[in-house]
>>> print(open('model.pdb').read())   # PDB, C-alpha atoms and all ligand atoms
MODEL        1
ATOM      1  CA  MET Z 276      -4.769  10.820  10.800  1.00  0.00           C
ATOM      2  CA  GLU Z 277      -8.280  11.319  12.102  1.00  0.00           C
ATOM      3  CA  CYS Z 278      -9.175   7.663  12.490  1.00  0.00           C
ATOM      4  CA  ASN Z 279      -9.249   5.332  15.418  1.00  0.00           C
ATOM      5  CA  LYS Z 280      -5.744   4.857  16.763  1.00  0.00           C
ATOM      6  CA  ASN Z 281      -6.138   1.121  17.144  1.00  0.00           C
ATOM      7  CA  HIS Z 282      -6.821   0.625  13.470  1.00  0.00           C
ATOM      8  CA  HIS Z 283      -3.635  -1.320  12.785  1.00  0.00           C
ATOM      9  CA  GLN Z 284      -4.728  -4.133  15.078  1.00  0.00           C
ATOM     10  CA  MET Z 285      -8.073  -4.654  13.452  1.00  0.00           C
ATOM     11  CA  ALA Z 286      -7.763  -3.325   9.965  1.00  0.00           C
ATOM     12  CA  HIS Z 287      -6.109  -6.306   8.415  1.00  0.00           C
ATOM     13  CA  VAL Z 288      -6.964  -6.213   4.762  1.00  0.00           C
ATOM     14  CA  HIS Z 289      -8.365  -9.410   3.350  1.00  0.00           C
ATOM     15  CA  HIS Z 290      -8.079  -9.836  -0.344  1.00  0.00           C
ATOM     16  CA  SER Z 291      -6.847 -12.774  -2.306  1.00  0.00           C
ATOM     17  CA  GLY Z 292      -4.578 -13.260  -5.262  1.00  0.00           C
ATOM     18  CA  TYR Z 293      -3.561 -10.443  -7.514  1.00  0.00           C
ATOM     19  CA  CYS Z 294      -5.402  -7.328  -6.576  1.00  0.00           C
ATOM     20  CA  ASN Z 295      -7.074  -5.730  -9.586  1.00  0.00           C
ATOM     21  CA  GLY Z 296      -8.934  -2.451  -9.391  1.00  0.00           C
ATOM     22  CA  LYS Z 297     -12.129  -3.865  -7.965  1.00  0.00           C
ATOM     23  CA  LEU Z 298     -10.380  -5.917  -5.314  1.00  0.00           C
ATOM     24  CA  PHE Z 299      -8.274  -2.961  -4.213  1.00  0.00           C
ATOM     25  CA  LYS Z 300     -11.435  -0.907  -3.887  1.00  0.00           C
ATOM     26  CA  ASP Z 301     -13.079  -3.567  -1.709  1.00  0.00           C
ATOM     27  CA  ALA Z 302      -9.935  -3.912   0.391  1.00  0.00           C
ATOM     28  CA  ALA Z 303      -9.807  -0.145   0.862  1.00  0.00           C
ATOM     29  CA  PHE Z 304     -13.474   0.033   1.894  1.00  0.00           C
ATOM     30  CA  ASP Z 305     -13.034  -2.802   4.372  1.00  0.00           C
ATOM     31  CA  ALA Z 306      -9.887  -1.299   5.897  1.00  0.00           C
ATOM     32  CA  LEU Z 307     -11.460   2.152   6.244  1.00  0.00           C
ATOM     33  CA  LYS Z 308     -14.591   0.714   7.838  1.00  0.00           C
ATOM     34  CA  ALA Z 309     -12.564  -1.386  10.265  1.00  0.00           C
ATOM     35  CA  ALA Z 310     -10.579   1.710  11.263  1.00  0.00           C
ATOM     36  CA  HIS Z 311     -13.783   3.762  11.679  1.00  0.00           C
ATOM     37  CA  CYS Z 312     -12.805   6.080   8.864  1.00  0.00           C
ATOM     38  CA  ARG Z 313     -15.590   7.468   6.727  1.00  0.00           C
ATOM     39  CA  ILE Z 314     -15.476   6.841   2.994  1.00  0.00           C
ATOM     40  CA  THR Z 315     -15.531  10.496   2.028  1.00  0.00           C
ATOM     41  CA  ARG Z 316     -15.713  11.612  -1.594  1.00  0.00           C
ATOM     42  CA  PRO Z 317     -12.054  12.717  -1.669  1.00  0.00           C
ATOM     43  CA  ARG Z 318     -10.992   9.367  -0.191  1.00  0.00           C
ATOM     44  CA  LEU Z 319     -13.148   7.550  -2.749  1.00  0.00           C
ATOM     45  CA  ALA Z 320     -11.583   9.568  -5.570  1.00  0.00           C
ATOM     46  CA  VAL Z 321      -8.060   8.660  -4.403  1.00  0.00           C
ATOM     47  CA  ILE Z 322      -9.075   4.992  -4.049  1.00  0.00           C
ATOM     48  CA  GLU Z 323     -10.402   5.007  -7.634  1.00  0.00           C
ATOM     49  CA  CYS Z 324      -7.181   6.545  -8.871  1.00  0.00           C
ATOM     50  CA  LEU Z 325      -5.003   3.999  -7.071  1.00  0.00           C
ATOM     51  CA  ALA Z 326      -7.244   1.126  -8.199  1.00  0.00           C
ATOM     52  CA  GLN Z 327      -6.347   1.716 -11.843  1.00  0.00           C
ATOM     53  CA  ALA Z 328      -2.649   2.334 -11.179  1.00  0.00           C
ATOM     54  CA  THR Z 329      -0.201   0.048 -12.943  1.00  0.00           C
ATOM     55  CA  VAL Z 330       2.923   1.912 -11.830  1.00  0.00           C
ATOM     56  CA  PRO Z 331       3.682   3.759  -8.584  1.00  0.00           C
ATOM     57  CA  LEU Z 332       2.078   7.209  -8.533  1.00  0.00           C
ATOM     58  CA  SER Z 333       3.300  10.460  -7.038  1.00  0.00           C
ATOM     59  CA  PRO Z 334       0.950  12.653  -4.976  1.00  0.00           C
ATOM     60  CA  LYS Z 335       1.000  15.054  -7.937  1.00  0.00           C
ATOM     61  CA  ASN Z 336      -0.082  12.271 -10.349  1.00  0.00           C
ATOM     62  CA  ILE Z 337      -2.922  11.375  -7.985  1.00  0.00           C
ATOM     63  CA  TYR Z 338      -3.955  14.998  -7.486  1.00  0.00           C
ATOM     64  CA  GLU Z 339      -4.080  15.590 -11.244  1.00  0.00           C
ATOM     65  CA  TYR Z 340      -5.987  12.360 -11.915  1.00  0.00           C
ATOM     66  CA  VAL Z 341      -8.584  13.229  -9.284  1.00  0.00           C
ATOM     67  CA  LEU Z 342      -9.015  16.751 -10.684  1.00  0.00           C
ATOM     68  CA  GLN Z 343      -9.523  15.369 -14.202  1.00  0.00           C
ATOM     69  CA  ASN Z 344     -11.902  12.578 -13.267  1.00  0.00           C
ATOM     70  CA  ASN Z 345     -14.044  14.155 -10.584  1.00  0.00           C
ATOM     71  CA  ASP Z 346     -16.320  17.122 -10.279  1.00  0.00           C
ATOM     72  CA  ASP Z 347     -15.251  17.681  -6.686  1.00  0.00           C
ATOM     73  CA  LYS Z 348     -12.507  20.084  -5.862  1.00  0.00           C
ATOM     74  CA  ILE Z 349      -9.637  18.550  -3.969  1.00  0.00           C
ATOM     75  CA  ASP Z 350      -6.443  20.198  -2.759  1.00  0.00           C
ATOM     76  CA  GLN Z 351      -2.974  18.701  -2.619  1.00  0.00           C
ATOM     77  CA  VAL Z 352      -2.847  18.771   1.179  1.00  0.00           C
ATOM     78  CA  SER Z 353      -5.946  16.537   1.299  1.00  0.00           C
ATOM     79  CA  VAL Z 354      -4.298  14.121  -1.118  1.00  0.00           C
ATOM     80  CA  TYR Z 355      -1.250  13.908   1.176  1.00  0.00           C
ATOM     81  CA  ARG Z 356      -3.448  13.342   4.223  1.00  0.00           C
ATOM     82  CA  ILE Z 357      -5.439  10.609   2.504  1.00  0.00           C
ATOM     83  CA  LEU Z 358      -2.240   8.888   1.354  1.00  0.00           C
ATOM     84  CA  GLU Z 359      -0.906   9.030   4.914  1.00  0.00           C
ATOM     85  CA  THR Z 360      -4.092   7.345   6.155  1.00  0.00           C
ATOM     86  CA  PHE Z 361      -3.804   4.630   3.489  1.00  0.00           C
ATOM     87  CA  ILE Z 362      -0.149   4.047   4.419  1.00  0.00           C
ATOM     88  CA  GLN Z 363      -1.174   3.578   8.058  1.00  0.00           C
ATOM     89  CA  LEU Z 364      -3.791   1.058   6.954  1.00  0.00           C
ATOM     90  CA  ASN Z 365      -1.208  -0.806   4.855  1.00  0.00           C
ATOM     91  CA  LEU Z 366      -3.349  -0.294   1.765  1.00  0.00           C
ATOM     92  CA  ILE Z 367      -0.547   1.308  -0.173  1.00  0.00           C
ATOM     93  CA  HIS Z 368       3.231   1.280  -0.024  1.00  0.00           C
ATOM     94  CA  GLN Z 369       5.827   3.893  -0.772  1.00  0.00           C
ATOM     95  CA  VAL Z 370       8.582   2.916  -3.154  1.00  0.00           C
ATOM     96  CA  PHE Z 371      11.959   4.516  -2.613  1.00  0.00           C
ATOM     97  CA  PRO Z 372      13.852   6.623  -3.546  1.00  0.00           C
ATOM     98  CA  SER Z 373      10.967   8.242  -5.482  1.00  0.00           C
ATOM     99  CA  GLY Z 374       8.541   7.961  -2.566  1.00  0.00           C
ATOM    100  CA  ASP Z 375       5.767   7.172  -5.058  1.00  0.00           C
ATOM    101  CA  TYR Z 376       2.755   5.168  -3.970  1.00  0.00           C
ATOM    102  CA  LEU Z 377       1.804   1.648  -4.994  1.00  0.00           C
ATOM    103  CA  PRO Z 378      -1.481  -0.091  -4.137  1.00  0.00           C
ATOM    104  CA  CYS Z 379      -0.813  -3.215  -2.055  1.00  0.00           C
ATOM    105  CA  THR Z 380      -1.290  -6.347  -4.140  1.00  0.00           C
ATOM    106  CA  THR Z 381      -0.272  -9.132  -1.791  1.00  0.00           C
ATOM    107  CA  SER Z 382      -2.624 -11.581  -0.268  1.00  0.00           C
ATOM    108  CA  CYS Z 383      -2.580 -10.542   3.363  1.00  0.00           C
ATOM    109  CA  GLU Z 384      -4.684 -13.457   4.549  1.00  0.00           C
ATOM    110  CA  LYS Z 385      -1.952 -15.945   3.729  1.00  0.00           C
ATOM    111  CA  ASN Z 386       1.002 -13.688   4.210  1.00  0.00           C
ATOM    112  CA  SER Z 387       1.199 -10.357   5.928  1.00  0.00           C
ATOM    113  CA  ASN Z 388       4.585  -9.536   4.454  1.00  0.00           C
ATOM    114  CA  HIS Z 389       4.944  -7.004   1.715  1.00  0.00           C
ATOM    115  CA  ILE Z 390       7.906  -7.687  -0.515  1.00  0.00           C
ATOM    116  CA  ILE Z 391       8.391  -5.032  -3.145  1.00  0.00           C
ATOM    117  CA  LEU Z 392      10.709  -5.700  -6.080  1.00  0.00           C
ATOM    118  CA  ASN Z 393      11.975  -2.498  -7.626  1.00  0.00           C
ATOM    119  CA  CYS Z 394      13.794  -2.658 -10.979  1.00  0.00           C
ATOM    120  CA  ILE Z 395      16.409   0.077 -10.910  1.00  0.00           C
ATOM    121  CA  HIS Z 396      16.762  -0.169 -14.685  1.00  0.00           C
ATOM    122  CA  CYS Z 397      13.203   0.175 -16.061  1.00  0.00           C
ATOM    123  CA  GLY Z 398      11.421   1.288 -12.908  1.00  0.00           C
ATOM    124  CA  LYS Z 399       8.963  -1.619 -12.924  1.00  0.00           C
ATOM    125  CA  VAL Z 400       7.684  -2.381  -9.436  1.00  0.00           C
ATOM    126  CA  THR Z 401       5.972  -5.600  -8.389  1.00  0.00           C
ATOM    127  CA  GLU Z 402       4.835  -6.864  -5.054  1.00  0.00           C
ATOM    128  CA  ILE Z 403       5.128 -10.585  -4.413  1.00  0.00           C
ATOM    129  CA  ASP Z 404       3.934 -13.296  -2.081  1.00  0.00           C
ATOM    130  CA  ILE Z 405       6.486 -15.639  -0.581  1.00  0.00           C
ATOM    131  CA  ASP Z 406       5.757 -18.504   1.745  1.00  0.00           C
ATOM    132  CA  GLY Z 407       6.076 -16.533   4.960  1.00  0.00           C
ATOM    133  CA  ASN Z 408       8.139 -18.969   6.999  1.00  0.00           C
ATOM    134  CA  ASP Z 409      11.639 -17.818   6.130  1.00  0.00           C
ATOM    135  CA  ILE Z 410      10.717 -14.174   6.330  1.00  0.00           C
ATOM    136  CA  LEU Z 411       8.978 -14.695   9.658  1.00  0.00           C
ATOM    137  CA  LYS Z 412      12.168 -16.303  10.999  1.00  0.00           C
ATOM    138  CA  ILE Z 413      13.985 -13.039  10.410  1.00  0.00           C
ATOM    139  CA  TYR Z 414      11.329 -11.129  12.333  1.00  0.00           C
ATOM    140  CA  GLU Z 415      11.431 -13.683  15.153  1.00  0.00           C
ATOM    141  CA  TYR Z 416      15.199 -13.302  15.341  1.00  0.00           C
ATOM    142  CA  ILE Z 417      14.959  -9.518  15.461  1.00  0.00           C
ATOM    143  CA  LYS Z 418      12.327  -9.726  18.186  1.00  0.00           C
ATOM    144  CA  ASN Z 419      14.007 -12.358  20.352  1.00  0.00           C
ATOM    145  CA  LYS Z 420      17.723 -11.644  19.894  1.00  0.00           C
ATOM    146  CA  ILE Z 421      17.885  -7.940  19.198  1.00  0.00           C
ATOM    147  CA  TYR Z 422      14.848  -7.004  21.316  1.00  0.00           C
ATOM    148  CA  PHE Z 423      13.503  -4.842  18.569  1.00  0.00           C
ATOM    149  CA  LEU Z 424       9.816  -5.327  17.941  1.00  0.00           C
ATOM    150  CA  PRO Z 425       9.061  -5.252  14.218  1.00  0.00           C
ATOM    151  CA  ALA Z 426       5.732  -3.595  13.513  1.00  0.00           C
ATOM    152  CA  LYS Z 427       5.453  -3.187   9.803  1.00  0.00           C
ATOM    153  CA  ASN Z 428       6.539  -5.954   7.494  1.00  0.00           C
ATOM    154  CA  ARG Z 429       7.560  -4.183   4.350  1.00  0.00           C
ATOM    155  CA  ILE Z 430      10.681  -5.000   2.402  1.00  0.00           C
ATOM    156  CA  GLN Z 431      11.883  -3.332  -0.763  1.00  0.00           C
ATOM    157  CA  ILE Z 432      14.470  -5.145  -2.836  1.00  0.00           C
ATOM    158  CA  ASP Z 433      16.178  -3.129  -5.556  1.00  0.00           C
ATOM    159  CA  GLY Z 434      17.573  -4.988  -8.530  1.00  0.00           C
ATOM    160  CA  MET Z 435      16.889  -5.880 -12.150  1.00  0.00           C
ATOM    161  CA  CYS Z 436      13.704  -7.445 -13.477  1.00  0.00           C
ATOM    162  CA  HIS Z 437      13.680 -10.454 -15.789  1.00  0.00           C
ATOM    163  CA  SER Z 438      13.449  -8.446 -19.001  1.00  0.00           C
ATOM    164  CA  CYS Z 439      16.194  -6.000 -17.992  1.00  0.00           C
ATOM    165  CA  GLN Z 440      18.834  -8.645 -17.179  1.00  0.00           C
TER     166      GLN Z 440
HETATM  167 ZN    ZN L 501       1.459  -5.006   0.364  1.00  0.00          ZN
HETATM  168 ZN    ZN L 502      13.345  -3.793 -15.488  1.00  0.00          ZN
ENDMDL
END
>>> encode(input="model.pdb", output="structure tokens", more="lines below")
Ligand SMILES: [Zn+2]
Ligand SMILES: [Zn+2]
Amino acid sequence: MECNKNHHQMAHVHHSGYCNGKLFKDAAFDALKAAHCRITRPRLAVIECLAQATVPLSPKNIYEYVLQNNDDKIDQVSVYRILETFIQLNLIHQVFPSGDYLPCTTSCEKNSNHIILNCIHCGKVTEIDIDGNDILKIYEYIKNKIYFLPAKNRIQIDGMCHSCQ
């Protein structure tokens, strides 16, 4: 990515509660500014696409949405590059095994963990906030006993959502 390498130290996204389209947009602007990344038109177009997303999107979904909703030409390689930048900034998460992209909806000010619940039955994906203490204990343990320094706090839990059980 073409941005400042130290972005992950400073670009902590501050948004509160459930992140609707507008809040995601603000969070994205703030994170890009903090990382000294310009808000280019292609980046803006991808942000607008992700802001209205209710399910994880593939790069192809995003590419097609941007083509339909913008006058600018964008190529698929640019979409991949932009998504890689947003991943680095913790603005979006990849859900596996599809690898599709989900805008981050957790309140990072209270809790910098990203816990993604993936229903293997209906494909519904939600990101939740948990009181960080117990989760942080796991990271402390990994750091102090295993001497592995956790950098990115993202956990995906596969299972079945309430309506699928
Ligand atoms: Zn998140
Ligand atoms: Zn489900």
>>> closest_atom_pairs(input="model.pdb", of="chain Z", to="ligand ZN 502 (chain L)", cutoff="12 Å", atoms="only C-alpha atoms and all ligand atoms", output="JSON lines")
{"residue": "Z:Leu392", "atom": "CA", "partner": "L:ZN502", "partner_atom": "ZN", "distance": 10.0}
{"residue": "Z:Asn393", "atom": "CA", "partner": "L:ZN502", "partner_atom": "ZN", "distance": 8.1}
{"residue": "Z:Cys394", "atom": "CA", "partner": "L:ZN502", "partner_atom": "ZN", "distance": 4.7}
{"residue": "Z:Ile395", "atom": "CA", "partner": "L:ZN502", "partner_atom": "ZN", "distance": 6.7}
{"residue": "Z:His396", "atom": "CA", "partner": "L:ZN502", "partner_atom": "ZN", "distance": 5.0}
{"residue": "Z:Cys397", "atom": "CA", "partner": "L:ZN502", "partner_atom": "ZN", "distance": 4.0}
{"residue": "Z:Gly398", "atom": "CA", "partner": "L:ZN502", "partner_atom": "ZN", "distance": 6.0}
{"residue": "Z:Lys399", "atom": "CA", "partner": "L:ZN502", "partner_atom": "ZN", "distance": 5.5}
{"residue": "Z:Val400", "atom": "CA", "partner": "L:ZN502", "partner_atom": "ZN", "distance": 8.4}
{"residue": "Z:Thr401", "atom": "CA", "partner": "L:ZN502", "partner_atom": "ZN", "distance": 10.4}
{"residue": "Z:Asp433", "atom": "CA", "partner": "L:ZN502", "partner_atom": "ZN", "distance": 10.3}
{"residue": "Z:Gly434", "atom": "CA", "partner": "L:ZN502", "partner_atom": "ZN", "distance": 8.2}
{"residue": "Z:Met435", "atom": "CA", "partner": "L:ZN502", "partner_atom": "ZN", "distance": 5.3}
{"residue": "Z:Cys436", "atom": "CA", "partner": "L:ZN502", "partner_atom": "ZN", "distance": 4.2}
{"residue": "Z:His437", "atom": "CA", "partner": "L:ZN502", "partner_atom": "ZN", "distance": 6.7}
{"residue": "Z:Ser438", "atom": "CA", "partner": "L:ZN502", "partner_atom": "ZN", "distance": 5.8}
{"residue": "Z:Cys439", "atom": "CA", "partner": "L:ZN502", "partner_atom": "ZN", "distance": 4.4}
{"residue": "Z:Gln440", "atom": "CA", "partner": "L:ZN502", "partner_atom": "ZN", "distance": 7.5}
>>> closest_residue(input="model.pdb", among="Z:Ile421, Z:Leu319, Z:Ala302, Z:Ile337", to="ligand ZN 501 (chain L)", atoms="all atoms listed in the file")
Z:Ala302
>>> closest_atom_pairs(input="model.pdb", of="region 318-348 of chain Z", to="region 359-376 of chain Z", cutoff="9 Å", atoms="only C-alpha atoms", output="tab-separated table")
residue	atom	partner	partner_atom	distance
Z:Leu325	CA	Z:Tyr376	CA	8.4
Z:Val330	CA	Z:Tyr376	CA	8.5
Z:Pro331	CA	Z:Tyr376	CA	4.9
Z:Leu332	CA	Z:Tyr376	CA	5.0
Z:Ser333	CA	Z:Asp375	CA	4.6
Z:Pro334	CA	Z:Asp375	CA	7.3
>>> residues_around(input="model.pdb", residues="Val354 (chain Z)", least_positions_apart="3", cutoff="7 Å", atoms="all atoms listed in the file", output="number ranges by chain")
Z: 334, 338, 350-351, 357-358
>>> resolve_selection(input="model.pdb", expression="the PyMOL selection byres (((not hetatm)) within 8 of (chain L and resi 501))", output="ChimeraX atom specification")
/Z:365-368,378-383,387-391,402,429
>>> atom_distance(input="model.pdb", atom1="CA of Ala303 (chain Z)", atom2="CA of Ile405 (chain Z)")
22.5 Å
>>> atom_distance(input="model.pdb", atom1="CA of Cys312 (chain Z)", atom2="CA of Val352 (chain Z)")
17.9 Å
>>> closest_residue(input="model.pdb", among="Z:Ile314, Z:Ile417, Z:Ala326, Z:Leu411", to="Phe299 (chain Z)", atoms="only C-alpha atoms")
Z:Ala326
>>> atom_distance(input="model.pdb", atom1="CA of Arg313 (chain Z)", atom2="CA of Asp346 (chain Z)")
19.6 Å
>>> closest_residue(input="model.pdb", among="Z:Lys308, Z:Lys300, Z:Arg318, Z:Arg356", to="Val341 (chain Z)", atoms="only C-alpha atoms")
Z:Arg318
>>> closest_residue(input="model.pdb", among="Z:Gln327, Z:Gln343, Z:Asn336, Z:Asn419", to="Tyr355 (chain Z)", atoms="only C-alpha atoms")
Z:Asn336
>>> axis_aligned_box(input="model.pdb", around="region 367-376 of chain Z", padding_each_side="5 Å", output="lines of an AutoDock Vina configuration file")
center_x = 6.7
center_y = 4.8
center_z = -2.8
size_x = 24.4
size_y = 17.0
size_z = 15.5
